[in-house]
Amino acid sequence: MSPTQQADSVLSLRGISKTFGAVAALTDIDLDVAAGQVMAIVGDNGAGKSTLVKILSGVHPPDSGTITFESRDIHIPTPAAAHKLGIATVFQDLALCENLNVIQNLFLGQEVRPLRLNDVAMETRSWDLLRQLSAKIPSVRVPVAALSGGQRQTVAIARSLLGDPKVIILDEPTAALGVAQTAEVLNLVERLRENGLGVIMISHNMADVQAVADTVAVLRLGRNNGVFDVGAVSTEEIIAAITGATDNAVSQRQARRKEGLPS
Amino acid sequence: MNSTLTTDRQDERLSGNEGLRGAIADVVERARGGDLGVIPVVVGLIVIWTVLQILNPIFLSSANLVNLTLESAATGIIALGIVCVLLVGQIDLSVGSVSGLSGAVLAVLFVVKGLPVWLAIVAAVIMGAVIGWVYAQLFNRFGVPSFVITMAGLLAFLGLQLYVLGTKGSINLPFDSGLVNFAQLDFVPAWLSYCFAVIAAVWLFGSGYLHAQERRRAGLSARSLSMLLIRSLALLAVLAFVVYYLGQTRGIGWMFIFFVALVLIMHYMLSRTKWGRAVYAVGGNVEAARRAGINVKAVYTSVFVLCSSFAAVGGILAAARLAAANQSSGSGDVNLNAIAAAVIGGTSLFGGRGTAFGALLGIIVIQSISSGLTLLNLDSSIRFVVTGIVLLLAVVVDSIARKSRTSHGRA
Ligand SMILES: Nc1ncnc2c1ncn2[C@@H]1O[C@H](COP(=O)(O)OP(=O)(O)OP(=O)(O)O)[C@@H](O)[C@H]1O
Ligand SMILES: [Mg+2]
């Protein structure tokens with residue numbers, strides 16, 4: 001990665017590792033996310049993508065490594081700390097409370113007027129957010145349990161837009177979405193980039209990645225397996241990096257670059 | 001056409017549930033989806049009252065109902081705490097022992113040590129709060145399941161209660177003390193009772209009206225004026241009838257008013273504050289609550305402290321009602337009655353569902369059974385069996401409702 005990109009990165013990870021018992025979920029991960037840039041993270045099932053997301057959102061602490069946010073070394077011990085820093089996350093499992101309704105889920109932990117909840121303000125804002133995502137949710141007063149998978153995903157995405165985040169992390173945001181909502185989420189990602197936010201998007205869908213991402217970072221078995229410029233890489237090359245087909249030009253070039261050898 | 005619709009009613013799939021008929025249709029629809037709310041307990045209450053009235057015509061007499069309200073208060077307050085712990089998906093099995101210990105501590109400090117009564121009360125309640133805090137520490141730090149911690153507490157605090165009471169085993173509270181008066185003799189004057197009824201109805205209308213106005217200004221759908229009027233007039237009619245009917249004999253005790261006030265406060269706390277939302281969220285999905293930035297441990301702590309404190313308050317009132325604290329205070333059925341009241345009142349054992357009003361309705365069911373069977377001269381053996389069956393029914397209804405929610409996508 002070029003030095004200029006590192007200079008304006010909002011979020012940098014260096015040497016992040018995480019093990020769960022005997023499983024090394026992440027080993028020595030480096031990553032730079034710039035403001036106004038969409039970074040896609042791809043990798044096979046179990047490659048460690050969600051684990052990385054959980055480290056950034058304060059769900060799990062990393063075992064080692066440093067995180068730099070807006071050129072400060074930080075720790076993210078709790079999800080509340082991540083919120084406070086301005087890192088918002090849409091989790092793969094969505095993390096919604098099924099017994100609460102849409103408004104209550106959207107504002108969970110950030111309610112308006114803590115001692116006398118302002119339902120009206122929260123409901124109006126909920127409709128604004130959902131409208132912005134072209135959500136097809138008939139009523140915001142039904143429990144989330146009554147929503148379809150895609151509707152729930154829209155709610156989870158809408159929730160991450162509340163507050164004033166600087167970095168948004170989307171863990172497979174379009175997995176359950178219909179055609180229109182997927183397009184809407186991709187549009188949203190572009191809008192977020194235009195507004196100068198750093199976006200991390202995890203996806204298995206190469207078409208989505210090619211459509212919105214600026215750079216693609218590949219994780220393989222918990223390790224960095226290359227960072228590519230989307231404009232300069234083909235889908236085949238990314239897939240090769242994901243699956244670990246080492247005998248291709250890209251991974252060889254990557255490997256040489258890593259070792260500091262001329263390519 | 002669309003321009004006349006409010007923001008929240010624009011989806012064409014929404015049926016026009018407005019006005020009185022819409023409100024009723026809404027409740028029916030939700031109940032069919034397994035969101036029963038207070039319907040089972042209201043139906044149960046009607047059935048139980050009808051049966052008991054047929055068996056003994058004294059049951060629904062004013063005098064008996066007045067007695068029933070007074071008997072409900074102490075255990076009802078304990079049940080209010082149980083509602084809170086059940087909402088976060090935990091349980092406190094020691095509320096009976098804690099209430100007994102609290103009564104004993106009150107009696108010792110007030111009667112034996114001669115402290116002013118208010119100081120004895122404060123001390124007993126603080127003791128309850130500390131017990132809850134210790135439970136929460138054990139739960140948060142070591143992750144011991146709450147039913148084990150509180151089962152240990154059940155035994156330990158029963159022992160402590162016996163120790164505090166000493167060899168005599170029973171301490172009488174003086175009949176002329178304010179506390180005993182409060183629990184036995186203080187009744188709200190009729191005019192004031194009617195005032196309370198009117199205030200409640202006006203309050204319901206006023207807050208509903210302001211809320212509807214605010215919603216309309218924000219372009220959201222709101223209850224119509226006639227709906228609001230019908231609602232508060234219905235409340236007024238019910239309350240006025242209650243006041244009138246109980247007023248035929250002694251009327252409404254201050255202790256019952258105190259219980260209802262606590263229910264209203266808890267209702268507000270649970271439904272209108274950030275803390276309440278956190279309680280429901282933790283009960284619904286702890287991990288989601290944690291990831292939303294909620295301090296889950298603090299929520300557990302607050303709930304355990306609240307529950308034990310309510311248990312202590314209930315114990316004080318039970319001692320005051322009896323004008324004594326003895327070895328059997330808080331033992332036997334107090335524990336189970338409080339838990340049964342919460343569950344019968346619609347609080348789910350699976351967490352995340354229930355209301356403060358559930359405690360009020362639930363304890364009235366429990367006390368009705370108890371009082372009805374006592375009137376029939378049936379002894380406590382049968383009472384235990386019947387209460388056990390009712391509790392079982394409530395739990396079955398809860399589980400069936402949960403199944404139905406799953407199949408209707410409302411789990
Ligand atoms: N809480 C946990 N406890 C134990 N092991 C875990 C835990 N979370 C993740 N792992 C392990 O870490 C590895 C990486 O998991 P992770 O969820 O990050 O994969 P992923 O890249 O998100 O996969 P997917 O594409 O399927 O979502 C897996 O081997 C998984 O078994
Ligand atoms: Mg994942």
# chains A, B, ... in the order shown; residues from 1 in each chain; ligands from 1

$ interface_residues --of "chain A" --to "chain B" --cutoff "9 Å" --atoms "only C-alpha atoms" --output "VMD selection string"
chain A and resid 57 to 59 78 to 83 94 to 100 104 to 105 107 to 121 123 to 124 127 136 to 140 142 to 148

$ residues_around --residues "Gly358 (chain B)" --least-positions-apart "4" --cutoff "12 Å" --atoms "only C-alpha atoms" --output "PyMOL selection string"
chain B and resi 36-42+76-77+79-84+86-87+260+263-264+266-267+338-348+353-354+362-365

$ write_last_selection --atoms "C-alpha atoms" --output "PDB file, in the first residue's frame"
ATOM      1  CA  LEU B  36     -51.427 -12.270  24.709  1.00  0.00           C
ATOM      2  CA  GLY B  37     -50.540  -9.444  27.072  1.00  0.00           C
ATOM      3  CA  VAL B  38     -52.948  -9.341  30.007  1.00  0.00           C
ATOM      4  CA  ILE B  39     -55.801 -11.199  28.278  1.00  0.00           C
ATOM      5  CA  PRO B  40     -55.235 -14.587  30.001  1.00  0.00           C
ATOM      6  CA  VAL B  41     -55.061 -13.071  33.463  1.00  0.00           C
ATOM      7  CA  VAL B  42     -58.214 -11.002  32.955  1.00  0.00           C
ATOM      8  CA  GLY B  76     -47.741  -7.769  45.238  1.00  0.00           C
ATOM      9  CA  ILE B  77     -44.808  -5.466  45.880  1.00  0.00           C
ATOM     10  CA  ALA B  79     -44.019  -9.703  42.755  1.00  0.00           C
ATOM     11  CA  LEU B  80     -43.196  -6.322  41.211  1.00  0.00           C
ATOM     12  CA  GLY B  81     -39.512  -7.041  41.868  1.00  0.00           C
ATOM     13  CA  ILE B  82     -39.903 -10.541  40.434  1.00  0.00           C
ATOM     14  CA  VAL B  83     -41.329  -9.024  37.240  1.00  0.00           C
ATOM     15  CA  CYS B  84     -38.123  -7.029  36.836  1.00  0.00           C
ATOM     16  CA  LEU B  86     -37.938 -12.173  34.979  1.00  0.00           C
ATOM     17  CA  LEU B  87     -37.794  -9.424  32.343  1.00  0.00           C
ATOM     18  CA  VAL B 260     -50.606   0.819  43.105  1.00  0.00           C
ATOM     19  CA  VAL B 263     -46.845  -0.279  40.113  1.00  0.00           C
ATOM     20  CA  LEU B 264     -47.404   3.000  38.254  1.00  0.00           C
ATOM     21  CA  MET B 266     -42.412   0.859  37.732  1.00  0.00           C
ATOM     22  CA  HIS B 267     -44.670   0.976  34.694  1.00  0.00           C
ATOM     23  CA  ALA B 338     -44.847 -13.694  44.399  1.00  0.00           C
ATOM     24  CA  ILE B 339     -43.317 -15.614  41.503  1.00  0.00           C
ATOM     25  CA  ALA B 340     -46.679 -17.088  40.533  1.00  0.00           C
ATOM     26  CA  ALA B 341     -48.257 -13.623  40.587  1.00  0.00           C
ATOM     27  CA  ALA B 342     -45.648 -12.302  38.180  1.00  0.00           C
ATOM     28  CA  VAL B 343     -46.031 -15.243  35.812  1.00  0.00           C
ATOM     29  CA  ILE B 344     -49.825 -15.304  36.015  1.00  0.00           C
ATOM     30  CA  GLY B 345     -49.730 -11.578  35.264  1.00  0.00           C
ATOM     31  CA  GLY B 346     -48.197 -12.355  31.882  1.00  0.00           C
ATOM     32  CA  THR B 347     -44.478 -12.031  32.593  1.00  0.00           C
ATOM     33  CA  SER B 348     -42.650 -14.551  30.456  1.00  0.00           C
ATOM     34  CA  ARG B 353     -41.919  -9.862  28.015  1.00  0.00           C
ATOM     35  CA  GLY B 354     -44.168  -8.581  30.762  1.00  0.00           C
ATOM     36  CA  GLY B 362     -51.416 -11.590  39.108  1.00  0.00           C
ATOM     37  CA  ILE B 363     -51.434 -11.008  42.847  1.00  0.00           C
ATOM     38  CA  ILE B 364     -55.179 -10.319  42.777  1.00  0.00           C
ATOM     39  CA  VAL B 365     -55.696 -13.718  41.131  1.00  0.00           C
TER      40      VAL B 365
END

$ select_by_dssp --residues "region 43-230 of chain A" --states "strand (DSSP E)" --output "PyMOL selection string"
chain A and resi 43+64-69+72-74+87-90+167-171+198-202+215-220+223-229

$ residues_near_ligand --ligand "ligand 2" --cutoff "7 Å" --atoms "only C-alpha atoms and all ligand atoms" --output "VMD selection string"
chain A and resid 45 to 46 49 to 50 92 171

$ write_last_selection --atoms "N, CA, C and O atoms" --output "mmCIF file, in the first residue's frame"
data_model
loop_
_atom_site.group_PDB
_atom_site.id
_atom_site.type_symbol
_atom_site.label_atom_id
_atom_site.label_comp_id
_atom_site.auth_asym_id
_atom_site.auth_seq_id
_atom_site.Cartn_x
_atom_site.Cartn_y
_atom_site.Cartn_z
ATOM 1 N N ASN A 45 -15.370 -18.857 3.895
ATOM 2 C CA ASN A 45 -16.034 -19.061 5.179
ATOM 3 C C ASN A 45 -14.991 -19.424 6.221
ATOM 4 O O ASN A 45 -14.117 -20.250 5.979
ATOM 5 N N GLY A 46 -15.082 -18.768 7.369
ATOM 6 C CA GLY A 46 -14.153 -19.062 8.438
ATOM 7 C C GLY A 46 -12.797 -18.407 8.274
ATOM 8 O O GLY A 46 -11.872 -18.689 9.029
ATOM 9 N N LYS A 49 -13.172 -12.983 8.866
ATOM 10 C CA LYS A 49 -13.720 -11.657 8.571
ATOM 11 C C LYS A 49 -14.575 -11.126 9.723
ATOM 12 O O LYS A 49 -14.378 -10.007 10.198
ATOM 13 N N SER A 50 -15.502 -11.969 10.160
ATOM 14 C CA SER A 50 -16.383 -11.505 11.236
ATOM 15 C C SER A 50 -15.611 -11.278 12.526
ATOM 16 O O SER A 50 -15.945 -10.384 13.313
ATOM 17 N N GLN A 92 -23.026 -9.537 11.165
ATOM 18 C CA GLN A 92 -23.535 -10.586 10.279
ATOM 19 C C GLN A 92 -24.819 -11.201 10.837
ATOM 20 O O GLN A 92 -25.763 -11.448 10.105
ATOM 21 N N ASP A 171 -20.991 -6.154 7.777
ATOM 22 C CA ASP A 171 -20.622 -7.563 7.631
ATOM 23 C C ASP A 171 -21.702 -8.255 6.803
ATOM 24 O O ASP A 171 -22.783 -8.545 7.287
#

$ atom_distance --atom1 "CA of Phe350 (chain B)" --atom2 "CA of Gly89 (chain B)"
5.7 Å

$ residues_near_ligand --ligand "ligand 1" --cutoff "12 Å" --atoms "only C-alpha atoms and all ligand atoms" --output "number ranges by chain"
A: 17-27, 41-55, 59-61, 91-93, 170-173, 175, 201-205, 218-223, 242; B: 287

$ write_last_selection --atoms "N, CA and C atoms" --output "short mmCIF file (atom, residue, chain, number, x, y, z; two decimals), in the first residue's frame"
data_model
loop_
_atom_site.label_atom_id
_atom_site.label_comp_id
_atom_site.auth_asym_id
_atom_site.auth_seq_id
_atom_site.Cartn_x
_atom_site.Cartn_y
_atom_site.Cartn_z
N SER A 17 -3.81 -10.00 16.11
CA SER A 17 -3.99 -11.45 16.18
C SER A 17 -5.08 -11.78 17.18
N LYS A 18 -5.76 -12.88 16.93
CA LYS A 18 -6.81 -13.32 17.86
C LYS A 18 -6.95 -14.82 17.79
N THR A 19 -6.87 -15.48 18.93
CA THR A 19 -7.10 -16.92 18.93
C THR A 19 -8.30 -17.24 19.80
N PHE A 20 -9.05 -18.24 19.38
CA PHE A 20 -10.12 -18.79 20.21
C PHE A 20 -9.67 -20.18 20.61
N GLY A 21 -9.21 -20.34 21.83
CA GLY A 21 -8.69 -21.64 22.23
C GLY A 21 -7.56 -22.04 21.30
N ALA A 22 -7.73 -23.16 20.62
CA ALA A 22 -6.66 -23.66 19.75
C ALA A 22 -6.75 -23.05 18.35
N VAL A 23 -7.87 -22.36 18.04
CA VAL A 23 -8.05 -21.83 16.68
C VAL A 23 -7.45 -20.43 16.57
N ALA A 24 -6.47 -20.28 15.69
CA ALA A 24 -5.94 -18.94 15.42
C ALA A 24 -6.84 -18.29 14.38
N ALA A 25 -7.84 -17.53 14.85
CA ALA A 25 -8.82 -16.94 13.94
C ALA A 25 -8.18 -15.84 13.09
N LEU A 26 -7.28 -15.06 13.69
CA LEU A 26 -6.58 -13.99 12.97
C LEU A 26 -5.11 -14.03 13.36
N THR A 27 -4.25 -13.90 12.37
CA THR A 27 -2.82 -13.86 12.66
C THR A 27 -2.20 -12.67 11.95
N ILE A 41 -13.62 -6.44 2.32
CA ILE A 41 -12.84 -7.55 2.86
C ILE A 41 -13.50 -8.83 2.38
N VAL A 42 -12.73 -9.65 1.69
CA VAL A 42 -13.29 -10.90 1.20
C VAL A 42 -12.47 -12.06 1.73
N GLY A 43 -13.03 -13.23 1.64
CA GLY A 43 -12.35 -14.41 2.15
C GLY A 43 -13.36 -15.53 2.28
N ASP A 44 -12.85 -16.74 2.34
CA ASP A 44 -13.73 -17.89 2.43
C ASP A 44 -14.44 -17.94 3.77
N ASN A 45 -15.37 -18.86 3.89
CA ASN A 45 -16.03 -19.06 5.18
C ASN A 45 -14.99 -19.42 6.22
N GLY A 46 -15.08 -18.77 7.37
CA GLY A 46 -14.15 -19.06 8.44
C GLY A 46 -12.80 -18.41 8.27
N ALA A 47 -12.68 -17.49 7.31
CA ALA A 47 -11.39 -16.85 7.08
C ALA A 47 -11.04 -15.86 8.19
N GLY A 48 -12.03 -15.45 8.97
CA GLY A 48 -11.76 -14.53 10.07
C GLY A 48 -12.34 -13.15 9.87
N LYS A 49 -13.17 -12.98 8.87
CA LYS A 49 -13.72 -11.66 8.57
C LYS A 49 -14.57 -11.13 9.72
N SER A 50 -15.50 -11.97 10.16
CA SER A 50 -16.38 -11.50 11.24
C SER A 50 -15.61 -11.28 12.53
N THR A 51 -14.59 -12.08 12.74
CA THR A 51 -13.76 -11.88 13.94
C THR A 51 -13.09 -10.51 13.90
N LEU A 52 -12.61 -10.14 12.71
CA LEU A 52 -11.99 -8.82 12.56
C LEU A 52 -13.01 -7.72 12.86
N VAL A 53 -14.22 -7.91 12.35
CA VAL A 53 -15.29 -6.94 12.59
C VAL A 53 -15.56 -6.82 14.09
N LYS A 54 -15.59 -7.95 14.77
CA LYS A 54 -15.91 -7.92 16.19
C LYS A 54 -14.80 -7.24 16.98
N ILE A 55 -13.57 -7.38 16.53
CA ILE A 55 -12.48 -6.68 17.21
C ILE A 55 -12.65 -5.17 17.04
N VAL A 59 -16.43 -5.98 20.43
CA VAL A 59 -17.07 -7.19 20.97
C VAL A 59 -16.03 -8.14 21.55
N HIS A 60 -14.92 -8.34 20.81
CA HIS A 60 -13.80 -9.13 21.33
C HIS A 60 -12.58 -8.24 21.40
N PRO A 61 -11.76 -8.35 22.44
CA PRO A 61 -10.47 -7.66 22.43
C PRO A 61 -9.47 -8.46 21.60
N PHE A 91 -23.71 -6.14 12.15
CA PHE A 91 -23.15 -7.47 12.35
C PHE A 91 -23.79 -8.48 11.42
N GLN A 92 -23.03 -9.54 11.17
CA GLN A 92 -23.53 -10.59 10.28
C GLN A 92 -24.82 -11.20 10.84
N ASP A 93 -24.85 -11.40 12.17
CA ASP A 93 -26.07 -11.96 12.77
C ASP A 93 -27.04 -10.85 13.18
N LEU A 170 -19.77 -3.02 7.56
CA LEU A 170 -20.94 -3.80 7.15
C LEU A 170 -20.52 -5.24 6.92
N ASP A 171 -20.99 -6.15 7.78
CA ASP A 171 -20.62 -7.56 7.63
C ASP A 171 -21.70 -8.26 6.80
N GLU A 172 -21.41 -8.52 5.56
CA GLU A 172 -22.34 -9.11 4.61
C GLU A 172 -23.70 -8.42 4.62
N PRO A 173 -23.70 -7.13 4.27
CA PRO A 173 -24.93 -6.35 4.41
C PRO A 173 -26.00 -6.73 3.40
N ALA A 175 -26.53 -9.83 2.15
CA ALA A 175 -26.74 -11.29 2.08
C ALA A 175 -28.21 -11.67 1.93
N MET A 201 -16.61 -3.08 3.98
CA MET A 201 -17.73 -3.92 3.59
C MET A 201 -17.25 -5.35 3.38
N ILE A 202 -17.89 -6.27 4.10
CA ILE A 202 -17.54 -7.67 3.92
C ILE A 202 -18.57 -8.29 3.00
N SER A 203 -18.11 -9.02 2.02
CA SER A 203 -19.07 -9.58 1.07
C SER A 203 -18.50 -10.82 0.41
N HIS A 204 -19.41 -11.73 0.05
CA HIS A 204 -19.02 -12.87 -0.75
C HIS A 204 -19.37 -12.63 -2.21
N ASN A 205 -20.01 -11.49 -2.46
CA ASN A 205 -20.53 -11.23 -3.80
C ASN A 205 -19.56 -10.34 -4.57
N VAL A 218 -7.92 -9.28 0.98
CA VAL A 218 -8.28 -10.69 1.03
C VAL A 218 -7.74 -11.31 2.31
N LEU A 219 -8.62 -12.02 3.02
CA LEU A 219 -8.18 -12.79 4.17
C LEU A 219 -8.23 -14.26 3.79
N ARG A 220 -7.19 -14.96 4.22
CA ARG A 220 -7.22 -16.40 3.96
C ARG A 220 -6.68 -17.10 5.20
N LEU A 221 -7.51 -17.97 5.77
CA LEU A 221 -7.15 -18.71 6.99
C LEU A 221 -6.58 -17.78 8.07
N GLY A 222 -7.20 -16.64 8.20
CA GLY A 222 -6.82 -15.73 9.28
C GLY A 222 -5.61 -14.87 9.00
N ARG A 223 -5.10 -14.89 7.75
CA ARG A 223 -3.94 -14.06 7.43
C ARG A 223 -4.27 -13.15 6.26
N ILE A 242 -8.47 -15.66 -2.72
CA ILE A 242 -9.35 -16.19 -1.67
C ILE A 242 -9.12 -17.68 -1.48
N GLU B 287 -26.71 -10.50 23.97
CA GLU B 287 -25.57 -10.16 23.13
C GLU B 287 -25.88 -8.92 22.30
#

$ select_by_dssp --residues "region 104-139 of chain A" --states "alpha helix (DSSP H)" --output "JSON, numbers by chain"
{"A": [104, 105, 106, 119, 120, 121, 122, 123, 124, 125, 126, 127, 128, 129, 130, 131, 132]}

$ write_last_selection --atoms "N, CA, C and O atoms" --output "PDB file, in the first residue's frame"
ATOM      1  N   GLN A 104     -37.585   0.797  18.702  1.00  0.00           N
ATOM      2  CA  GLN A 104     -36.803   0.488  19.905  1.00  0.00           C
ATOM      3  C   GLN A 104     -35.459  -0.111  19.544  1.00  0.00           C
ATOM      4  O   GLN A 104     -34.455   0.171  20.192  1.00  0.00           O
ATOM      5  N   ASN A 105     -35.421  -0.925  18.489  1.00  0.00           N
ATOM      6  CA  ASN A 105     -34.151  -1.502  18.058  1.00  0.00           C
ATOM      7  C   ASN A 105     -33.234  -0.455  17.453  1.00  0.00           C
ATOM      8  O   ASN A 105     -32.032  -0.433  17.728  1.00  0.00           O
ATOM      9  N   LEU A 106     -33.799   0.413  16.645  1.00  0.00           N
ATOM     10  CA  LEU A 106     -32.970   1.438  15.997  1.00  0.00           C
ATOM     11  C   LEU A 106     -32.275   2.302  17.031  1.00  0.00           C
ATOM     12  O   LEU A 106     -31.109   2.645  16.891  1.00  0.00           O
ATOM     13  N   ASP A 119     -40.855   9.360  22.047  1.00  0.00           N
ATOM     14  CA  ASP A 119     -41.268   8.396  21.020  1.00  0.00           C
ATOM     15  C   ASP A 119     -41.484   9.058  19.675  1.00  0.00           C
ATOM     16  O   ASP A 119     -41.159   8.490  18.635  1.00  0.00           O
ATOM     17  N   VAL A 120     -42.056  10.254  19.723  1.00  0.00           N
ATOM     18  CA  VAL A 120     -42.419  10.907  18.468  1.00  0.00           C
ATOM     19  C   VAL A 120     -41.165  11.224  17.660  1.00  0.00           C
ATOM     20  O   VAL A 120     -41.067  10.896  16.473  1.00  0.00           O
ATOM     21  N   ALA A 121     -40.172  11.827  18.321  1.00  0.00           N
ATOM     22  CA  ALA A 121     -38.930  12.155  17.614  1.00  0.00           C
ATOM     23  C   ALA A 121     -38.274  10.895  17.076  1.00  0.00           C
ATOM     24  O   ALA A 121     -37.784  10.865  15.944  1.00  0.00           O
ATOM     25  N   MET A 122     -38.298   9.831  17.893  1.00  0.00           N
ATOM     26  CA  MET A 122     -37.626   8.600  17.469  1.00  0.00           C
ATOM     27  C   MET A 122     -38.370   7.962  16.297  1.00  0.00           C
ATOM     28  O   MET A 122     -37.762   7.444  15.372  1.00  0.00           O
ATOM     29  N   GLU A 123     -39.713   8.028  16.346  1.00  0.00           N
ATOM     30  CA  GLU A 123     -40.468   7.417  15.252  1.00  0.00           C
ATOM     31  C   GLU A 123     -40.252   8.203  13.949  1.00  0.00           C
ATOM     32  O   GLU A 123     -40.029   7.605  12.886  1.00  0.00           O
ATOM     33  N   THR A 124     -40.263   9.525  14.040  1.00  0.00           N
ATOM     34  CA  THR A 124     -40.057  10.333  12.831  1.00  0.00           C
ATOM     35  C   THR A 124     -38.695  10.048  12.223  1.00  0.00           C
ATOM     36  O   THR A 124     -38.564   9.831  11.021  1.00  0.00           O
ATOM     37  N   ARG A 125     -37.688  10.023  13.088  1.00  0.00           N
ATOM     38  CA  ARG A 125     -36.332   9.764  12.608  1.00  0.00           C
ATOM     39  C   ARG A 125     -36.231   8.355  12.012  1.00  0.00           C
ATOM     40  O   ARG A 125     -35.546   8.156  11.006  1.00  0.00           O
ATOM     41  N   SER A 126     -36.917   7.398  12.635  1.00  0.00           N
ATOM     42  CA  SER A 126     -36.897   6.032  12.108  1.00  0.00           C
ATOM     43  C   SER A 126     -37.432   6.001  10.682  1.00  0.00           C
ATOM     44  O   SER A 126     -36.841   5.385   9.797  1.00  0.00           O
ATOM     45  N   TRP A 127     -38.567   6.686  10.471  1.00  0.00           N
ATOM     46  CA  TRP A 127     -39.134   6.703   9.120  1.00  0.00           C
ATOM     47  C   TRP A 127     -38.181   7.361   8.140  1.00  0.00           C
ATOM     48  O   TRP A 127     -38.026   6.905   7.010  1.00  0.00           O
ATOM     49  N   ASP A 128     -37.517   8.446   8.564  1.00  0.00           N
ATOM     50  CA  ASP A 128     -36.534   9.107   7.685  1.00  0.00           C
ATOM     51  C   ASP A 128     -35.463   8.127   7.240  1.00  0.00           C
ATOM     52  O   ASP A 128     -35.162   8.000   6.055  1.00  0.00           O
ATOM     53  N   LEU A 129     -34.887   7.441   8.246  1.00  0.00           N
ATOM     54  CA  LEU A 129     -33.797   6.516   7.952  1.00  0.00           C
ATOM     55  C   LEU A 129     -34.259   5.392   7.036  1.00  0.00           C
ATOM     56  O   LEU A 129     -33.583   5.047   6.067  1.00  0.00           O
ATOM     57  N   LEU A 130     -35.420   4.843   7.356  1.00  0.00           N
ATOM     58  CA  LEU A 130     -35.897   3.697   6.579  1.00  0.00           C
ATOM     59  C   LEU A 130     -36.245   4.126   5.161  1.00  0.00           C
ATOM     60  O   LEU A 130     -36.000   3.410   4.193  1.00  0.00           O
ATOM     61  N   ARG A 131     -36.806   5.328   5.049  1.00  0.00           N
ATOM     62  CA  ARG A 131     -37.145   5.837   3.727  1.00  0.00           C
ATOM     63  C   ARG A 131     -35.882   6.000   2.891  1.00  0.00           C
ATOM     64  O   ARG A 131     -35.830   5.644   1.724  1.00  0.00           O
ATOM     65  N   GLN A 132     -34.833   6.506   3.560  1.00  0.00           N
ATOM     66  CA  GLN A 132     -33.549   6.711   2.893  1.00  0.00           C
ATOM     67  C   GLN A 132     -33.014   5.408   2.312  1.00  0.00           C
ATOM     68  O   GLN A 132     -32.324   5.403   1.306  1.00  0.00           O
TER      69      GLN A 132
END

$ atom_distance --atom1 "CA of Asn181 (chain B)" --atom2 "CA of Leu317 (chain B)"
10.8 Å

$ closest_residue --among "B:Gly247, B:Gly22, B:Gly372, B:Gly388" --to "Asn56 (chain B)" --atoms "only C-alpha atoms"
B:Gly372

$ closest_residue --among "B:Ala104, B:Tyr135, B:Asn140, B:Thr150" --to "Asn335 (chain B)" --atoms "only C-alpha atoms"
B:Thr150

$ residues_around --residues "Gln210 (chain A)" --least-positions-apart "4" --cutoff "9 Å" --atoms "only C-alpha atoms" --output "compact mmCIF listing (two decimals) with all heavy atoms, in the first residue's frame"
# COMPACT_ATOMS: atom_id res chain seq x y z
N ASN A 205 -20.01 -11.49 -2.46
CA ASN A 205 -20.53 -11.23 -3.80
C ASN A 205 -19.56 -10.34 -4.57
O ASN A 205 -19.46 -9.14 -4.33
CB ASN A 205 -21.90 -10.56 -3.66
CG ASN A 205 -22.56 -10.37 -5.00
OD1 ASN A 205 -21.87 -10.27 -6.02
ND2 ASN A 205 -23.86 -10.34 -5.00
N MET A 206 -18.83 -10.95 -5.52
CA MET A 206 -17.79 -10.21 -6.25
C MET A 206 -18.37 -9.06 -7.07
O MET A 206 -17.73 -8.02 -7.24
CB MET A 206 -17.03 -11.16 -7.18
CG MET A 206 -16.14 -12.12 -6.43
SD MET A 206 -15.05 -11.23 -5.31
CE MET A 206 -15.06 -12.34 -3.93
N ASP A 214 -13.26 0.44 -3.36
CA ASP A 214 -12.05 1.03 -3.93
C ASP A 214 -10.90 0.05 -3.85
O ASP A 214 -10.12 -0.09 -4.77
CB ASP A 214 -11.69 2.32 -3.18
CG ASP A 214 -12.79 3.35 -3.31
OD1 ASP A 214 -13.11 3.72 -4.45
OD2 ASP A 214 -13.36 3.75 -2.27
N VAL A 216 -9.71 -3.96 -2.23
CA VAL A 216 -10.18 -5.25 -1.72
C VAL A 216 -9.06 -5.86 -0.90
O VAL A 216 -7.93 -5.98 -1.38
CB VAL A 216 -10.50 -6.23 -2.87
CG1 VAL A 216 -11.17 -7.47 -2.32
CG2 VAL A 216 -11.36 -5.57 -3.91
N VAL A 230 -9.33 -2.12 -6.81
CA VAL A 230 -10.41 -2.76 -7.54
C VAL A 230 -10.29 -2.50 -9.04
O VAL A 230 -10.54 -3.37 -9.86
CB VAL A 230 -11.78 -2.29 -7.02
CG1 VAL A 230 -12.89 -2.71 -7.97
CG2 VAL A 230 -12.03 -2.89 -5.65
N GLY A 231 -9.85 -1.28 -9.40
CA GLY A 231 -9.73 -0.95 -10.81
C GLY A 231 -8.71 -1.82 -11.54
O GLY A 231 -8.82 -2.06 -12.73
N SER A 234 -8.81 -8.32 -11.58
CA SER A 234 -9.99 -9.00 -12.12
C SER A 234 -10.60 -9.90 -11.05
O SER A 234 -9.94 -10.25 -10.06
CB SER A 234 -9.59 -9.85 -13.32
OG SER A 234 -8.84 -10.96 -12.86
N THR A 235 -11.85 -10.23 -11.26
CA THR A 235 -12.54 -11.11 -10.32
C THR A 235 -11.78 -12.42 -10.14
O THR A 235 -11.65 -12.93 -9.03
CB THR A 235 -13.96 -11.40 -10.82
OG1 THR A 235 -14.61 -10.15 -11.02
CG2 THR A 235 -14.74 -12.22 -9.83
